[in-house]
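Novice: Input structure25.pdb, format and content: PDB, C-alpha atoms.
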```pdb
ATOM      1  CA  MET A  28       0.000   0.000   0.000
ATOM      2  CA  ARG A  29       1.322   3.424  -0.982
ATOM      3  CA  ILE A  30       0.411   6.355   1.240
ATOM      4  CA  VAL A  31       0.661   9.982   0.241
ATOM      5  CA  LYS A  32       0.534  12.918   2.678
ATOM      6  CA  LEU A  33      -0.716  16.268   1.460
ATOM      7  CA  PRO A  34       0.061  19.141   3.870
ATOM      8  CA  HIS A  35      -1.680  22.496   4.246
ATOM      9  CA  LEU A  36      -5.173  21.083   4.710
ATOM     10  CA  PRO A  37      -7.200  24.139   5.730
ATOM     11  CA  SER A  38      -9.120  22.455   8.531
ATOM     12  CA  GLU A  39      -8.864  19.364  10.693
ATOM     13  CA  ARG A  40     -11.307  16.524  10.197
ATOM     14  CA  SER A  41     -11.343  13.230  12.021
ATOM     15  CA  GLU A  42     -12.817  11.133   9.263
ATOM     16  CA  THR A  43     -14.022  11.211   5.698
ATOM     17  CA  ARG A  44     -17.648  12.085   5.087
ATOM     18  CA  ALA A  45     -19.815   9.729   3.054
ATOM     19  CA  GLY A  46     -19.904  10.895  -0.518
ATOM     20  CA  ASP A  47     -16.588  12.773  -0.486
ATOM     21  CA  LEU A  48     -14.958  13.029  -3.890
ATOM     22  CA  LEU A  49     -12.052  10.892  -2.663
ATOM     23  CA  PRO A  50     -13.660   8.410  -0.274
ATOM     24  CA  ASP A  51     -10.423   6.469   0.303
ATOM     25  CA  VAL A  52      -8.949   9.357   2.266
ATOM     26  CA  TRP A  53      -8.517   9.937   5.967
ATOM     27  CA  TYR A  54      -7.158  12.807   8.028
ATOM     28  CA  LYS A  55      -4.618  13.149  10.787
ATOM     29  CA  GLY A  56      -3.936  16.575  12.174
ATOM     30  CA  LYS A  57      -3.446  18.868   9.205
ATOM     31  CA  GLU A  58      -2.255  16.138   6.885
ATOM     32  CA  ILE A  59      -4.429  14.202   4.471
ATOM     33  CA  HIS A  60      -3.601  10.541   3.971
ATOM     34  CA  ALA A  61      -4.765   8.584   0.956
ATOM     35  CA  ASP A  62      -4.443   5.045  -0.292
ATOM     36  CA  ILE A  63      -3.332   5.826  -3.842
ATOM     37  CA  ASN A  64      -4.022   2.289  -5.045
ATOM     38  CA  GLN A  65      -7.661   2.555  -4.042
ATOM     39  CA  ILE A  66      -8.022   6.071  -5.441
ATOM     40  CA  GLU A  67      -6.583   4.934  -8.774
ATOM     41  CA  GLU A  68      -9.113   2.084  -8.797
ATOM     42  CA  ARG A  69     -11.937   4.582  -8.355
ATOM     43  CA  ILE A  70     -10.567   6.817 -11.118
ATOM     44  CA  ASN A  71     -10.283   3.827 -13.489
ATOM     45  CA  MET A  72     -13.748   2.517 -12.647
ATOM     46  CA  LYS A  73     -15.886   2.035 -15.737
ATOM     47  CA  ASN A  74     -19.553   2.402 -14.872
ATOM     48  CA  ILE A  75     -21.421   1.910 -18.133
ATOM     49  CA  VAL A  76     -25.039   2.461 -19.137
ATOM     50  CA  ILE A  77     -25.899   0.029 -21.936
ATOM     51  CA  PHE A  78     -28.811   1.314 -23.903
ATOM     52  CA  GLY A  79     -30.955  -0.016 -26.699
ATOM     53  CA  ALA A  80     -34.400  -1.153 -27.773
ATOM     54  CA  PRO A  81     -35.753  -4.583 -26.864
ATOM     55  CA  GLY A  82     -33.913  -7.078 -29.048
ATOM     56  CA  SER A  83     -30.892  -4.828 -29.634
ATOM     57  CA  GLY A  84     -28.517  -7.288 -27.952
ATOM     58  CA  LYS A  85     -27.928  -5.583 -24.596
ATOM     59  CA  GLY A  86     -27.911  -8.859 -22.674
ATOM     60  CA  THR A  87     -25.499 -10.578 -25.039
ATOM     61  CA  GLN A  88     -23.082  -7.649 -25.120
ATOM     62  CA  SER A  89     -23.322  -7.197 -21.351
ATOM     63  CA  ASP A  90     -22.250 -10.815 -20.852
ATOM     64  CA  LYS A  91     -19.245 -10.287 -23.111
ATOM     65  CA  LEU A  92     -18.287  -7.075 -21.286
ATOM     66  CA  ILE A  93     -18.487  -8.849 -17.935
ATOM     67  CA  GLU A  94     -16.241 -11.641 -19.198
ATOM     68  CA  ARG A  95     -13.645  -9.310 -20.714
ATOM     69  CA  TYR A  96     -13.486  -6.503 -18.156
ATOM     70  CA  GLY A  97     -14.669  -8.141 -14.938
ATOM     71  CA  LEU A  98     -17.537  -5.688 -14.554
ATOM     72  CA  GLU A  99     -20.553  -6.128 -12.317
ATOM     73  CA  HIS A 100     -24.032  -6.114 -13.858
ATOM     74  CA  ILE A 101     -27.298  -4.576 -12.703
ATOM     75  CA  SER A 102     -30.406  -5.459 -14.703
ATOM     76  CA  THR A 103     -33.450  -3.692 -13.291
ATOM     77  CA  GLY A 104     -35.744  -6.611 -14.066
ATOM     78  CA  ASP A 105     -33.440  -9.144 -12.411
ATOM     79  CA  VAL A 106     -32.875  -6.875  -9.423
ATOM     80  CA  LEU A 107     -36.597  -6.365  -8.840
ATOM     81  CA  ARG A 108     -37.315 -10.076  -9.046
ATOM     82  CA  SER A 109     -34.455 -10.809  -6.656
ATOM     83  CA  GLU A 110     -35.532  -8.242  -4.050
ATOM     84  CA  ILE A 111     -39.135  -9.461  -4.196
ATOM     85  CA  LYS A 112     -38.036 -13.086  -3.904
ATOM     86  CA  LYS A 113     -35.827 -12.291  -0.893
ATOM     87  CA  GLY A 114     -38.703 -10.478   0.769
ATOM     88  CA  SER A 115     -36.583  -7.416   1.535
ATOM     89  CA  GLU A 116     -38.300  -4.233   2.653
ATOM     90  CA  LEU A 117     -37.547  -2.650  -0.703
ATOM     91  CA  GLY A 118     -38.856  -5.748  -2.444
ATOM     92  CA  LYS A 119     -42.082  -5.717  -0.428
ATOM     93  CA  THR A 120     -42.624  -2.060  -1.257
ATOM     94  CA  ALA A 121     -41.995  -2.729  -4.954
ATOM     95  CA  GLN A 122     -44.399  -5.685  -4.898
ATOM     96  CA  GLY A 123     -47.089  -3.411  -3.478
ATOM     97  CA  TYR A 124     -46.855  -1.115  -6.493
ATOM     98  CA  ILE A 125     -46.805  -4.061  -8.901
ATOM     99  CA  ASP A 126     -49.859  -5.650  -7.261
ATOM    100  CA  GLN A 127     -51.742  -2.390  -7.748
ATOM    101  CA  GLY A 128     -50.731  -2.234 -11.394
ATOM    102  CA  GLN A 129     -48.640   0.887 -10.819
ATOM    103  CA  LEU A 130     -45.193   1.809 -12.084
ATOM    104  CA  ILE A 131     -42.460   1.657  -9.481
ATOM    105  CA  PRO A 132     -41.480   5.234  -8.532
ATOM    106  CA  ASP A 133     -38.034   6.401  -9.606
ATOM    107  CA  GLU A 134     -37.033   7.059  -5.982
ATOM    108  CA  LEU A 135     -37.738   3.453  -5.010
ATOM    109  CA  MET A 136     -35.974   2.066  -8.067
ATOM    110  CA  VAL A 137     -32.876   4.150  -7.375
ATOM    111  CA  SER A 138     -32.909   3.006  -3.732
ATOM    112  CA  ILE A 139     -32.978  -0.607  -4.893
ATOM    113  CA  LEU A 140     -30.167  -0.004  -7.405
ATOM    114  CA  ALA A 141     -28.116   1.826  -4.775
ATOM    115  CA  SER A 142     -28.490  -1.135  -2.408
ATOM    116  CA  VAL A 143     -27.225  -3.540  -5.062
ATOM    117  CA  TYR A 144     -24.455  -1.158  -6.141
ATOM    118  CA  ASP A 145     -23.214  -0.835  -2.555
ATOM    119  CA  SER A 146     -23.223  -4.627  -2.166
ATOM    120  CA  PHE A 147     -20.361  -4.825  -4.685
ATOM    121  CA  GLY A 148     -18.069  -3.049  -2.195
ATOM    122  CA  ARG A 149     -15.518  -0.360  -2.991
ATOM    123  CA  GLY A 150     -13.109  -2.470  -5.016
ATOM    124  CA  HIS A 151     -15.198  -3.329  -8.063
ATOM    125  CA  LYS A 152     -14.047  -2.405 -11.567
ATOM    126  CA  GLY A 153     -17.335  -0.897 -12.643
ATOM    127  CA  VAL A 154     -20.980  -1.727 -13.194
ATOM    128  CA  ILE A 155     -23.080  -2.201 -16.308
ATOM    129  CA  PHE A 156     -26.497  -0.592 -15.845
ATOM    130  CA  ASP A 157     -28.919  -2.521 -18.052
ATOM    131  CA  GLY A 158     -32.518  -1.292 -18.354
ATOM    132  CA  PHE A 159     -31.943   1.845 -16.302
ATOM    133  CA  PRO A 160     -32.175   4.759 -16.808
ATOM    134  CA  ARG A 161     -35.038   5.023 -19.290
ATOM    135  CA  THR A 162     -35.984   8.653 -18.715
ATOM    136  CA  ILE A 163     -34.131  11.894 -18.048
ATOM    137  CA  PRO A 164     -35.276  12.052 -14.383
ATOM    138  CA  GLN A 165     -33.931   8.523 -13.909
ATOM    139  CA  ALA A 166     -30.606   9.510 -15.507
ATOM    140  CA  GLU A 167     -30.375  12.507 -13.188
ATOM    141  CA  ALA A 168     -31.183  10.305 -10.190
ATOM    142  CA  LEU A 169     -28.514   7.774 -11.193
ATOM    143  CA  LYS A 170     -25.962  10.551 -11.630
ATOM    144  CA  LYS A 171     -26.786  11.877  -8.146
ATOM    145  CA  MET A 172     -26.648   8.426  -6.537
ATOM    146  CA  LEU A 173     -23.206   7.739  -7.998
ATOM    147  CA  ALA A 174     -21.909  11.235  -7.169
ATOM    148  CA  GLU A 175     -22.828  10.688  -3.516
ATOM    149  CA  ARG A 176     -20.365   7.785  -3.595
ATOM    150  CA  GLY A 177     -17.661   9.682  -5.452
ATOM    151  CA  ASP A 178     -18.414   7.750  -8.640
ATOM    152  CA  LYS A 179     -19.917   8.512 -12.040
ATOM    153  CA  VAL A 180     -21.099   7.032 -15.323
ATOM    154  CA  ALA A 181     -18.103   6.680 -17.635
ATOM    155  CA  ALA A 182     -20.064   6.047 -20.829
ATOM    156  CA  MET A 183     -23.488   5.439 -22.278
ATOM    157  CA  LEU A 184     -23.426   2.875 -25.080
ATOM    158  CA  GLU A 185     -26.374   3.067 -27.475
ATOM    159  CA  LEU A 186     -26.901  -0.140 -29.454
ATOM    160  CA  ASP A 187     -28.700   1.082 -32.560
ATOM    161  CA  VAL A 188     -30.625  -1.532 -34.546
ATOM    162  CA  PRO A 189     -33.191  -0.825 -37.332
ATOM    163  CA  GLU A 190     -36.786  -1.462 -36.291
ATOM    164  CA  ASP A 191     -37.446  -4.130 -38.923
ATOM    165  CA  GLU A 192     -34.485  -6.124 -37.600
ATOM    166  CA  LEU A 193     -35.714  -5.684 -34.012
ATOM    167  CA  MET A 194     -39.091  -7.093 -35.053
ATOM    168  CA  LYS A 195     -37.446 -10.150 -36.634
ATOM    169  CA  ARG A 196     -35.264 -10.796 -33.574
ATOM    170  CA  LEU A 197     -38.084 -10.419 -31.055
ATOM    171  CA  ILE A 198     -40.554 -12.544 -32.989
ATOM    172  CA  LEU A 199     -37.907 -15.265 -33.308
ATOM    173  CA  ARG A 200     -37.146 -14.964 -29.594
ATOM    174  CA  GLY A 201     -40.829 -15.367 -28.826
ATOM    175  CA  GLN A 202     -41.034 -18.496 -30.972
ATOM    176  CA  GLN A 203     -37.988 -19.970 -29.261
ATOM    177  CA  SER A 204     -38.799 -18.991 -25.674
ATOM    178  CA  GLY A 205     -42.562 -19.005 -25.704
ATOM    179  CA  ARG A 206     -42.645 -15.510 -24.183
ATOM    180  CA  ALA A 207     -46.207 -14.212 -24.509
ATOM    181  CA  ASP A 208     -45.063 -10.589 -24.864
ATOM    182  CA  ASP A 209     -42.939 -11.323 -27.939
ATOM    183  CA  ASN A 210     -45.767 -11.124 -30.471
ATOM    184  CA  GLU A 211     -45.946  -8.577 -33.293
ATOM    185  CA  GLU A 212     -48.653  -6.342 -31.789
ATOM    186  CA  THR A 213     -47.011  -6.143 -28.367
ATOM    187  CA  ILE A 214     -43.555  -5.636 -29.856
ATOM    188  CA  LYS A 215     -44.759  -2.652 -31.894
ATOM    189  CA  LYS A 216     -46.215  -1.048 -28.766
ATOM    190  CA  ARG A 217     -42.997  -1.624 -26.822
ATOM    191  CA  LEU A 218     -40.919  -0.045 -29.591
ATOM    192  CA  VAL A 219     -43.206   3.001 -29.755
ATOM    193  CA  VAL A 220     -42.794   3.525 -25.995
ATOM    194  CA  TYR A 221     -39.047   3.002 -26.286
ATOM    195  CA  HIS A 222     -38.638   5.629 -28.997
ATOM    196  CA  GLN A 223     -40.867   8.118 -27.181
ATOM    197  CA  GLN A 224     -38.875   7.779 -23.962
ATOM    198  CA  THR A 225     -35.384   7.356 -25.255
ATOM    199  CA  GLN A 226     -34.759  10.057 -27.814
ATOM    200  CA  PRO A 227     -34.702  12.806 -25.136
ATOM    201  CA  LEU A 228     -32.455  10.600 -22.975
ATOM    202  CA  ILE A 229     -30.005  10.085 -25.831
ATOM    203  CA  GLU A 230     -29.802  13.856 -26.254
ATOM    204  CA  TRP A 231     -29.284  14.246 -22.489
ATOM    205  CA  TYR A 232     -26.303  11.883 -22.536
ATOM    206  CA  LYS A 233     -24.917  13.656 -25.582
ATOM    207  CA  GLN A 234     -24.966  16.914 -23.618
ATOM    208  CA  GLU A 235     -23.194  15.110 -20.774
ATOM    209  CA  GLY A 236     -20.490  14.086 -23.244
ATOM    210  CA  LEU A 237     -21.058  10.384 -22.462
ATOM    211  CA  HIS A 238     -23.041   9.130 -25.473
ATOM    212  CA  HIS A 239     -21.430   6.583 -27.812
ATOM    213  CA  HIS A 240     -23.336   5.296 -30.829
ATOM    214  CA  ILE A 241     -22.797   1.619 -31.631
ATOM    215  CA  ASP A 242     -24.070   0.098 -34.879
ATOM    216  CA  GLY A 243     -25.892  -2.943 -33.515
ATOM    217  CA  LEU A 244     -26.560  -4.541 -36.891
ATOM    218  CA  GLY A 245     -24.068  -7.082 -38.175
ATOM    219  CA  GLU A 246     -21.649  -9.658 -36.869
ATOM    220  CA  LEU A 247     -21.598 -10.119 -33.089
ATOM    221  CA  ASP A 248     -17.812  -9.916 -32.850
ATOM    222  CA  ARG A 249     -17.682  -6.724 -34.914
ATOM    223  CA  ILE A 250     -20.274  -5.088 -32.657
ATOM    224  CA  PHE A 251     -18.371  -6.149 -29.556
ATOM    225  CA  GLY A 252     -15.139  -4.863 -31.082
ATOM    226  CA  ASP A 253     -16.719  -1.438 -31.539
ATOM    227  CA  ILE A 254     -17.880  -1.500 -27.904
ATOM    228  CA  CYS A 255     -14.416  -2.499 -26.677
ATOM    229  CA  ALA A 256     -12.849   0.379 -28.619
ATOM    230  CA  VAL A 257     -15.004   2.777 -26.608
ATOM    231  CA  VAL A 258     -14.433   1.068 -23.258
ATOM    232  CA  ASP A 259     -10.671   0.784 -23.760
ATOM    233  CA  ALA A 260     -10.497   4.531 -24.418
ATOM    234  CA  LEU A 261     -12.289   5.490 -21.193
TER     235      LEU A 261
END
```
Would you mind writing the structure in this file as structure tokens?

Specialist:
Amino acid sequence: MRIVKLPHLPSERSETRAGDLLPDVWYKGKEIHADINQIEERINMKNIVIFGAPGSGKGTQSDKLIERYGLEHISTGDVLRSEIKKGSELGKTAQGYIDQGQLIPDELMVSILASVYDSFGRGHKGVIFDGFPRTIPQAEALKKMLAERGDKVAAMLELDVPEDELMKRLILRGQQSGRADDNEETIKKRLVVYHQQTQPLIEWYKQEGLHHHIDGLGELDRIFGDICAVVDAL
């Protein structure tokens, strides 16, 4: 472990506050001590939002990213099912909204994601956020949640696939899996909602300087190569 001491700290503090920009820092007198290894890990962390319409290949590419870079993965659907199955307080609250046919509020969803994110500890290499955010308020909430931990989103990857190709993929998936929601009428409705919600969010991430367009049509390895080029440059 390498320790650096930075003198001339303007005021004495006994411990680091939660959410400080450099959370792996502690204070002694008027000197600041930091574990440089841990700080470098935080700087090199690659939190990634993977973004795309149903059938765009987010799950497949997420699996490949996990294998190559050792990233953690948060899928909102999987997380909700897990919390409900465990019977956690957050899960019970979420189930209440679902039972009433209501959308889960953004605040609750972010609380659930924050709980899972914190469970990875402080040494993880980054997290893939899959299925969240879907709206600008959700993106703002995610940004705030990460900032409170001294972290941030490093990139938003948009997997762009033409709608006719999405239809083919989802119909085929429905035939193979038997999923009732993968029929032509339902798919069209899902894609309409996706486009209505996502275009403003894409623009938001462009303004943040985090948006990366990925051509999601073509060979799997070529698509993954394009993704890796972005991730390697972060």

Novice: Pick out the closest residue to Thr213 (chain A) from this set: A:Gly201, A:Phe159, A:Ala166, A:Ala256. Count all atoms listed in the file.

Specialist: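 Between A:Gly201, A:Phe159, A:Ala166, A:Ala256, the residue approaching Thr213 (chain A) most closely is A:Gly201.
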
Novice: With a distance cut-off of 12 Å and all atoms listed in the file, select the neighbouring residues of Cys255 (chain A), excluding the residue or stretch itself and same-chain residues fewer than 5 positions from it, and output the selection as a list in words.

Specialist: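 The neighbour list is Lys73, Ile75, Gln88, Ser89, Lys91, Leu92, Ile93, Glu94, Arg95, Tyr96, Ala182, Leu184, His239, Ile241, Asp248, Arg249, Ile250, Ala260 and Leu261 of chain A.
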
Novice: Can you tell me, as a VMD selection string, what residues are no more than 12 Å from Gly153 (chain A) when counting only C-alpha atoms, ignoring any on the same chain fewer than 2 positions away?

Specialist: chain A and resid 68 to 76 92 to 93 96 to 101 144 to 145 147 to 151 155 to 156 173 178 to 182 258 261

Novice: Could you spell out the hits of the PyMOL selection byres ((chain A and resi 218-234) around 9) on the shown file, as a PyMOL selection string?

Specialist: chain A and resi 79-81+160-163+166+182-183+185+190+193+213-217+235-239

Novice: Would you translate the PyMOL selection byres ((chain A and resi 195) around 12) into the concrete set of residues it matches in this file, as a count of residues only?

Specialist: 22

Novice: Please return region 176-187 of chain A, rebuilt to all heavy atoms, as a PDB file, in the coordinates of the input.

Specialist:
```
ATOM      1  N   ARG A 176     -21.368   8.802  -3.930  1.00  0.00           N
ATOM      2  CA  ARG A 176     -20.365   7.785  -3.595  1.00  0.00           C
ATOM      3  C   ARG A 176     -19.007   8.112  -4.226  1.00  0.00           C
ATOM      4  O   ARG A 176     -18.105   7.281  -4.209  1.00  0.00           O
ATOM      5  CB  ARG A 176     -20.862   6.411  -4.066  1.00  0.00           C
ATOM      6  CG  ARG A 176     -22.035   5.912  -3.229  1.00  0.00           C
ATOM      7  CD  ARG A 176     -22.922   4.929  -3.976  1.00  0.00           C
ATOM      8  NE  ARG A 176     -23.960   4.424  -3.094  1.00  0.00           N
ATOM      9  CZ  ARG A 176     -25.065   5.103  -2.778  1.00  0.00           C
ATOM     10  NH1 ARG A 176     -25.267   6.321  -3.278  1.00  0.00           N
ATOM     11  NH2 ARG A 176     -25.956   4.586  -1.958  1.00  0.00           N
ATOM     12  N   GLY A 177     -18.899   9.287  -4.806  1.00  0.00           N
ATOM     13  CA  GLY A 177     -17.661   9.682  -5.452  1.00  0.00           C
ATOM     14  C   GLY A 177     -17.446   9.013  -6.792  1.00  0.00           C
ATOM     15  O   GLY A 177     -16.333   8.981  -7.305  1.00  0.00           O
ATOM     16  N   ASP A 178     -18.512   8.476  -7.381  1.00  0.00           N
ATOM     17  CA  ASP A 178     -18.414   7.750  -8.640  1.00  0.00           C
ATOM     18  C   ASP A 178     -19.226   8.458  -9.731  1.00  0.00           C
ATOM     19  O   ASP A 178     -19.878   9.462  -9.466  1.00  0.00           O
ATOM     20  CB  ASP A 178     -18.913   6.309  -8.466  1.00  0.00           C
ATOM     21  CG  ASP A 178     -18.100   5.542  -7.427  1.00  0.00           C
ATOM     22  OD1 ASP A 178     -16.934   5.929  -7.193  1.00  0.00           O
ATOM     23  OD2 ASP A 178     -18.621   4.572  -6.857  1.00  0.00           O
ATOM     24  N   LYS A 179     -19.190   7.903 -10.928  1.00  0.00           N
ATOM     25  CA  LYS A 179     -19.917   8.512 -12.040  1.00  0.00           C
ATOM     26  C   LYS A 179     -20.107   7.488 -13.147  1.00  0.00           C
ATOM     27  O   LYS A 179     -19.485   6.410 -13.145  1.00  0.00           O
ATOM     28  CB  LYS A 179     -19.145   9.714 -12.592  1.00  0.00           C
ATOM     29  CG  LYS A 179     -17.776   9.336 -13.163  1.00  0.00           C
ATOM     30  CD  LYS A 179     -17.030  10.560 -13.669  1.00  0.00           C
ATOM     31  CE  LYS A 179     -15.661  10.158 -14.222  1.00  0.00           C
ATOM     32  NZ  LYS A 179     -14.915  11.334 -14.750  1.00  0.00           N
ATOM     33  N   VAL A 180     -20.968   7.816 -14.105  1.00  0.00           N
ATOM     34  CA  VAL A 180     -21.099   7.032 -15.323  1.00  0.00           C
ATOM     35  C   VAL A 180     -19.953   7.416 -16.248  1.00  0.00           C
ATOM     36  O   VAL A 180     -19.705   8.598 -16.485  1.00  0.00           O
ATOM     37  CB  VAL A 180     -22.452   7.297 -16.021  1.00  0.00           C
ATOM     38  CG1 VAL A 180     -22.474   6.691 -17.420  1.00  0.00           C
ATOM     39  CG2 VAL A 180     -23.600   6.735 -15.184  1.00  0.00           C
ATOM     40  N   ALA A 181     -19.229   6.412 -16.740  1.00  0.00           N
ATOM     41  CA  ALA A 181     -18.103   6.680 -17.635  1.00  0.00           C
ATOM     42  C   ALA A 181     -18.545   6.772 -19.088  1.00  0.00           C
ATOM     43  O   ALA A 181     -17.933   7.481 -19.884  1.00  0.00           O
ATOM     44  CB  ALA A 181     -17.046   5.589 -17.482  1.00  0.00           C
ATOM     45  N   ALA A 182     -19.605   6.037 -19.441  1.00  0.00           N
ATOM     46  CA  ALA A 182     -20.064   6.047 -20.829  1.00  0.00           C
ATOM     47  C   ALA A 182     -21.479   5.502 -20.923  1.00  0.00           C
ATOM     48  O   ALA A 182     -21.888   4.658 -20.126  1.00  0.00           O
ATOM     49  CB  ALA A 182     -19.149   5.211 -21.717  1.00  0.00           C
ATOM     50  N   MET A 183     -22.202   6.008 -21.911  1.00  0.00           N
ATOM     51  CA  MET A 183     -23.488   5.439 -22.278  1.00  0.00           C
ATOM     52  C   MET A 183     -23.331   4.860 -23.682  1.00  0.00           C
ATOM     53  O   MET A 183     -22.953   5.570 -24.620  1.00  0.00           O
ATOM     54  CB  MET A 183     -24.588   6.502 -22.252  1.00  0.00           C
ATOM     55  CG  MET A 183     -25.981   5.923 -22.546  1.00  0.00           C
ATOM     56  SD  MET A 183     -26.377   5.897 -24.286  1.00  0.00           S
ATOM     57  CE  MET A 183     -27.814   6.948 -24.329  1.00  0.00           C
ATOM     58  N   LEU A 184     -23.557   3.559 -23.806  1.00  0.00           N
ATOM     59  CA  LEU A 184     -23.426   2.875 -25.080  1.00  0.00           C
ATOM     60  C   LEU A 184     -24.808   2.649 -25.672  1.00  0.00           C
ATOM     61  O   LEU A 184     -25.624   1.933 -25.088  1.00  0.00           O
ATOM     62  CB  LEU A 184     -22.725   1.525 -24.902  1.00  0.00           C
ATOM     63  CG  LEU A 184     -21.368   1.534 -24.197  1.00  0.00           C
ATOM     64  CD1 LEU A 184     -20.860   0.115 -24.020  1.00  0.00           C
ATOM     65  CD2 LEU A 184     -20.356   2.379 -24.964  1.00  0.00           C
ATOM     66  N   GLU A 185     -25.082   3.238 -26.818  1.00  0.00           N
ATOM     67  CA  GLU A 185     -26.374   3.067 -27.475  1.00  0.00           C
ATOM     68  C   GLU A 185     -26.242   2.048 -28.599  1.00  0.00           C
ATOM     69  O   GLU A 185     -25.584   2.291 -29.616  1.00  0.00           O
ATOM     70  CB  GLU A 185     -26.870   4.391 -28.063  1.00  0.00           C
ATOM     71  CG  GLU A 185     -28.202   4.251 -28.781  1.00  0.00           C
ATOM     72  CD  GLU A 185     -28.451   5.335 -29.821  1.00  0.00           C
ATOM     73  OE1 GLU A 185     -27.628   6.272 -29.942  1.00  0.00           O
ATOM     74  OE2 GLU A 185     -29.459   5.219 -30.537  1.00  0.00           O
ATOM     75  N   LEU A 186     -26.872   0.878 -28.412  1.00  0.00           N
ATOM     76  CA  LEU A 186     -26.901  -0.140 -29.454  1.00  0.00           C
ATOM     77  C   LEU A 186     -28.046   0.183 -30.408  1.00  0.00           C
ATOM     78  O   LEU A 186     -29.217   0.057 -30.054  1.00  0.00           O
ATOM     79  CB  LEU A 186     -27.100  -1.529 -28.839  1.00  0.00           C
ATOM     80  CG  LEU A 186     -25.926  -2.093 -28.037  1.00  0.00           C
ATOM     81  CD1 LEU A 186     -26.330  -3.393 -27.361  1.00  0.00           C
ATOM     82  CD2 LEU A 186     -24.719  -2.309 -28.930  1.00  0.00           C
ATOM     83  N   ASP A 187     -27.710   0.618 -31.592  1.00  0.00           N
ATOM     84  CA  ASP A 187     -28.700   1.082 -32.560  1.00  0.00           C
ATOM     85  C   ASP A 187     -28.966  -0.007 -33.596  1.00  0.00           C
ATOM     86  O   ASP A 187     -28.065  -0.407 -34.330  1.00  0.00           O
ATOM     87  CB  ASP A 187     -28.182   2.359 -33.241  1.00  0.00           C
ATOM     88  CG  ASP A 187     -29.217   2.974 -34.167  1.00  0.00           C
ATOM     89  OD1 ASP A 187     -30.406   2.640 -34.039  1.00  0.00           O
ATOM     90  OD2 ASP A 187     -28.826   3.791 -35.024  1.00  0.00           O
TER      91      ASP A 187
END
```
